[in-house]
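K.L.:
Questions regarding the structure given below will be posed in turn.
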Amino acid sequence: MIEVKNIKKKFKKQINKKETIEFFADNDISFEANEGEVIGILGPNGAGKTTLLRIIVGILEPTSGKVLFDNKNFKNNEIEIKKELAFLSGNTKIYNTFTTYELLKMCGNIYDLDKDTIEKRIDEISKKLNLTDFLHSRIANLSTGQTQRVNIARCLIHNPKYYILDEATTGLDIISSQIILDFIKEEKKKKKTILYSTHYMEEAENICDRVILINKGVVIESGTPKEILSKTKTSNLRDAFFKLIGGVKDE
Amino acid sequence: MNNTFKILKKELIEVFRDKKSLSMMLIIPFLIPAIVIGMSALFNAETNKSIDTYNNIGFNYELSEEEKELAKEMNIKVNTIDSKKIKDEYDKGNIDLYITKDGNNYIINGNENETTSYASSLMNSYYTRYKEILQKKYLEKSNLNADNVINIITINENIKVKENFYSSYIINYAFLFIIMAITVSATYPATDATAGEKERGTLETLLTFPVRSKDIIIGKFLSISLSSIITGVLSLILADVSLGIAESKFKIYENTNLLLTPSQLLFAGLVIIMYSLLISGLCIAIASKSKNFKEAQSALTPITFISFFPGMIAFMMNIKISYVLAIIPFLNSSLIFREISDGNIEIMYILLMIISSIIFIALVLKLIISQYKSEKVLFNE
């Protein structure tokens with residue numbers, strides 16, 4: 001279970017040579033994600049989704065608040081928690097000079113898997129994600145779709161408990177996006193906890209058990225897609241979002 | 001496997017598969033033999049310049065029989081030219097120098113340049129000897145023993161040449177070029193491993209791995225150090241081989257020993273390893289603060305020159321190693337290498353250098369590790 005408690009993140013922004021302003025990228029965000037749940041974190045660009053997910057995976061520190069993984073926090077259990085995590089974002093790149101096999105092996109080593117387990121996992125994953133044809137090719141020579149499959153394979157190698165996916169389908173073609181969505185559905189079946197941030201509302205509606213709508217660093221609504229649609233009396237999450245923020249003009 | 005070594009392995013794969021890093025690491029050392037042999041050839045050519053290149057002298061008067069004989073003996077080509085035309089002949093480059101005579105006053109004329117300088121020196125010797133001939137003739141005419149007057153005292157030089165200037169020069173320059181090669185070799189992988197990783201977007205992946213910042217930084221530091229050590233050791237071997245070739249080929253190194261002995265090579269290798277560690281730490285500290293590859297490269301360019309300066313100044317000002325200087329990073333490596341090449345290996349200086357380098361590296365690494373948790377450094381936010 002992931003517990004996000006009152007997360008606040010303040011940044012300073014330089015507006016000119018003399019002046020800097022402070023702003024909250026995330027302001028008092030709280031939610032929980034249970035085992036086997038896919039939680040959608042939805043909002044437009046600049047809403048604070050990436051900052052929130054970076055805090056959750058421990059690469060940014062919150063200004064205040066805390067994140068607990070099965071009651072453990074990063075401060076005392078950083079390595080232990082990271083071993084149970086997989087983070088994939090639209091910006092996440094992988095090492096081009098490695099072959100797919102070398103990358104997976106390196107990741108397996110970093111996650112402390114033994115040699116036999118690594119080989120077994122690589123074999124399973126490459127069959128599942130159809131990596132066999134380019135398992136020994138350099139990542140630099142792969143297509144975008146193939147690279148994204150390798151990226152998913154990297155996340156799967158250590159069989160994590162939690163997946164944190166940040167705009168993972170942004171900029172991908174329809175086939176590559178579908179690979180990610182199928183991967184989410186597959187892992188959900190295995191009772192994995194998945195946090196999935198996106199600005200594609202329709203996508204979230206289809207795969208998320210619950211969604212958290214964020215705008216300007218603040219949670220504006222949360223619940224199952226059905227609950228939100230019923231509360232806002234709208235037929236889709238896109239309309240619900242605009243209704244909640246008072247229309248597109250406010251943006 | 002320790003997390004640091006897992007990161008080191010990953011970094012080494014990246015360094016050894018990157019063509020630019022590899023070329024910096026392996027090609028630059030091959031410039032050292034070209035520099036050593038090229039510089040030696042230049043020194044040699046300069047020193048052994050043939051008298052034929054500066055002995056074409058113009059005279060505005062007819063030489064006496066004694067003068068003609070002396071000129072022949074000293075291999076001076078005599079050109080008797082009219083006073084009005086002699087300067088033009090010199091300006092046209094037909095003669096290397098010209099002499100004008102006014103009574104007993106002889107003037108050596110020319111514009112300052114290398115040929116004139118050699119020719120002037122030749123003519124000064126010529127007139128010193130001609131003056132002796134005239135003095136001898138005059139004294140003999142007065143029935144005096146000319147030898148007793150002219151050679152009333154004799155002067156002999158007994159100055160022992162401590163070191164061959166050229167050999168000392170070429171060895172020191174070879175070391176300075178090794179230092180430069182190591183620095184250049186450290187800057188590219190340092191940029192690539194820090195700012196490059198940030199720019200390529202792989203840093204985020206790396207930070208989500210179950211490894212601490214300490215392991216990431218030390219792993220990166222060790223891989224950069226290893227690549228600069230490879231450059232340094234290869235450069236040292238190539239420099240020693242080329243010094244050996246230069247010693248056998250060029251007269252200027254006669255009776256000197258340019259080749260380093262095995263113990264000198266061993267200690268020089270130690271100096272190179274410590275310098276490689278030091279420069280790798282500094283490069284990674286600077287590059288990790290840069291937003292992107294280009295910014296890191298701009299920030300690291302001055303390091304190549306700065307690293308070269310202390311050794312250059314120490315060599316030019318003939319600064320000798322002391323206990324205080326042995327603890328000053330960058331300067332100590334050049335000074336200690338100089339001592340090693342002179343055959344004076346004092347363990348205390350080497351120990352002080354190692355201790356000071358370790359302290360400096362530890363401080364730099366501590367600083368980078370603390371920075372590597374900073375959002376400003378990692379995400380420029």
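Just so we're on the same page: first chain in the structure tokens is A, next is B, and so on; residues restart at 1 for each chain, and ligands are numbered from 1 in the order they show up.
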Fewer than 3 positions away in the same chain doesn't count, so skip those; otherwise give me all residues within 12 Å of Asn318 of chain B, counting only C-alpha atoms, as a list in words.
P.N.:
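My list of contacting residues is Ser168, Tyr169, Asn172, Pro310, Gly311, Met312, Ile313, Ala314, Phe315, Ile321, Ser334, Leu335, Arg338 and Glu339 of chain B.
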K.L.:
Put those residues in a file: C-alpha atoms, as a tab-separated table (two decimals), in the first residue's frame.
P.N.:
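The file below, again12.tsv, is the result:
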```
chain	number	residue	atom	x	y	z
B	168	SER	CA	66.02	18.40	-18.95
B	169	TYR	CA	63.80	20.52	-21.21
B	172	ASN	CA	59.89	18.10	-18.44
B	310	PRO	CA	51.72	25.07	-12.32
B	311	GLY	CA	54.15	22.61	-13.90
B	312	MET	CA	55.08	25.05	-16.65
B	313	ILE	CA	55.75	27.90	-14.20
B	314	ALA	CA	57.67	25.61	-11.84
B	315	PHE	CA	59.85	24.46	-14.73
B	321	ILE	CA	60.22	20.65	-4.43
B	334	SER	CA	55.12	18.30	-11.79
B	335	LEU	CA	57.76	19.06	-9.16
B	338	ARG	CA	61.12	16.55	-12.09
B	339	GLU	CA	62.90	15.13	-9.07
```
K.L.:
So which residues of segment 26-104 of chain B fall under strand (DSSP E or B) by DSSP, listed as number ranges by chain?
P.N.:
B: 56-59, 77-80, 97-102
K.L.:
Could you go through segment 14-98 of chain A and tell me which residues DSSP, when run on the backbone, assigns to alpha helix (DSSP H), listing them as a list in words?
P.N.:
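Of segment 14-98 of chain A, only Lys49, Thr50, Thr51, Leu52, Leu53, Arg54, Ile55, Ile56, Phe74, Lys75, Asn76, Asn77, Glu78, Ile79, Glu80, Ile81, Lys82 and Lys83 of chain A fall in alpha helix (DSSP H).
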K.L.:
What are the closest atom pairs, with distances in Å to one decimal, for each residue of chain A lying within 9 Å of chain B, using only C-alpha atoms, rows by chain and rising residue number, as a tab-separated table?
P.N.:
```
residue	atom	partner	partner_atom	distance
A:Phe11	CA	B:Glu381	CA	7.6
A:Lys12	CA	B:Glu381	CA	8.2
A:Lys13	CA	B:Glu381	CA	8.2
A:Val57	CA	B:Thr208	CA	6.7
A:Gly58	CA	B:Thr208	CA	7.4
A:Ile59	CA	B:Leu207	CA	6.2
A:Leu60	CA	B:Glu375	CA	6.8
A:Glu61	CA	B:Glu375	CA	8.5
A:Glu78	CA	B:Pro210	CA	7.4
A:Ile79	CA	B:Pro210	CA	4.8
A:Glu80	CA	B:Pro210	CA	7.4
A:Ile81	CA	B:Pro210	CA	7.9
A:Lys82	CA	B:Pro210	CA	4.9
A:Lys83	CA	B:Pro210	CA	5.6
A:Leu85	CA	B:Thr208	CA	8.0
A:Ala86	CA	B:Thr208	CA	7.5
A:Phe87	CA	B:Thr208	CA	6.8
A:Leu88	CA	B:Thr205	CA	8.0
A:Asn91	CA	B:Gly201	CA	6.4
A:Thr92	CA	B:Gly201	CA	5.9
A:Lys93	CA	B:Thr202	CA	4.9
A:Ile94	CA	B:Thr202	CA	5.6
A:Tyr95	CA	B:Thr202	CA	6.8
A:Asn96	CA	B:Glu14	CA	8.8
A:Thr97	CA	B:Glu14	CA	6.2
A:Phe98	CA	B:Ile13	CA	7.7
A:Met106	CA	B:Lys10	CA	7.2
A:Cys107	CA	B:Phe209	CA	8.2
A:Asn109	CA	B:Lys6	CA	7.2
A:Ile110	CA	B:Lys6	CA	6.4
A:Tyr111	CA	B:Pro210	CA	6.7
A:Asp112	CA	B:Met1	CA	8.1
```
K.L.:
Give me, please, the distance in Å between atom CA of Asn159 of chain A and atom CA of Ile214 of chain A, quoted to one decimal.
P.N.:
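Computed distance, atom CA of Asn159 of chain A to atom CA of Ile214 of chain A, equals 29.5 Å.
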K.L.:
I'd like the neighbourhood of Asn206 of chain A as an mmCIF file with C-alpha atoms, in the first residue's frame, where a residue qualifies if any of its atoms comes within 12 Å (using only C-alpha atoms), though same-chain residues fewer than 5 positions away should be ignored.
P.N.:
```
data_model
loop_
_atom_site.group_PDB
_atom_site.id
_atom_site.type_symbol
_atom_site.label_atom_id
_atom_site.label_comp_id
_atom_site.auth_asym_id
_atom_site.auth_seq_id
_atom_site.Cartn_x
_atom_site.Cartn_y
_atom_site.Cartn_z
ATOM 1 C CA VAL A 38 -4.508 1.434 -10.634
ATOM 2 C CA ILE A 39 -4.679 5.030 -9.511
ATOM 3 C CA GLY A 40 -4.796 7.684 -12.220
ATOM 4 C CA LEU A 181 -1.747 0.031 -21.526
ATOM 5 C CA ASP A 182 -1.684 -3.766 -21.964
ATOM 6 C CA ILE A 184 -0.694 -1.972 -16.944
ATOM 7 C CA LYS A 185 -3.693 -4.328 -17.277
ATOM 8 C CA TYR A 200 -5.112 11.761 -21.626
ATOM 9 C CA MET A 201 -8.412 11.606 -19.709
ATOM 10 C CA VAL A 211 -8.507 8.898 -10.313
ATOM 11 C CA THR A 224 -13.693 6.253 -9.146
ATOM 12 C CA PRO A 225 -14.332 7.566 -12.671
ATOM 13 C CA LYS A 226 -18.022 6.725 -12.179
ATOM 14 C CA ASN A 236 -16.503 11.843 -19.513
ATOM 15 C CA LEU A 237 -13.524 12.833 -17.384
#
```
K.L.:
Check the smallest atom-to-atom distance from each of A:Val218, A:Leu244, A:Leu195, A:Val150 to Ile29 of chain A using only C-alpha atoms, then report the winner.
P.N.:
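That would be A:Val218, the residue with the smallest distance to Ile29 of chain A.
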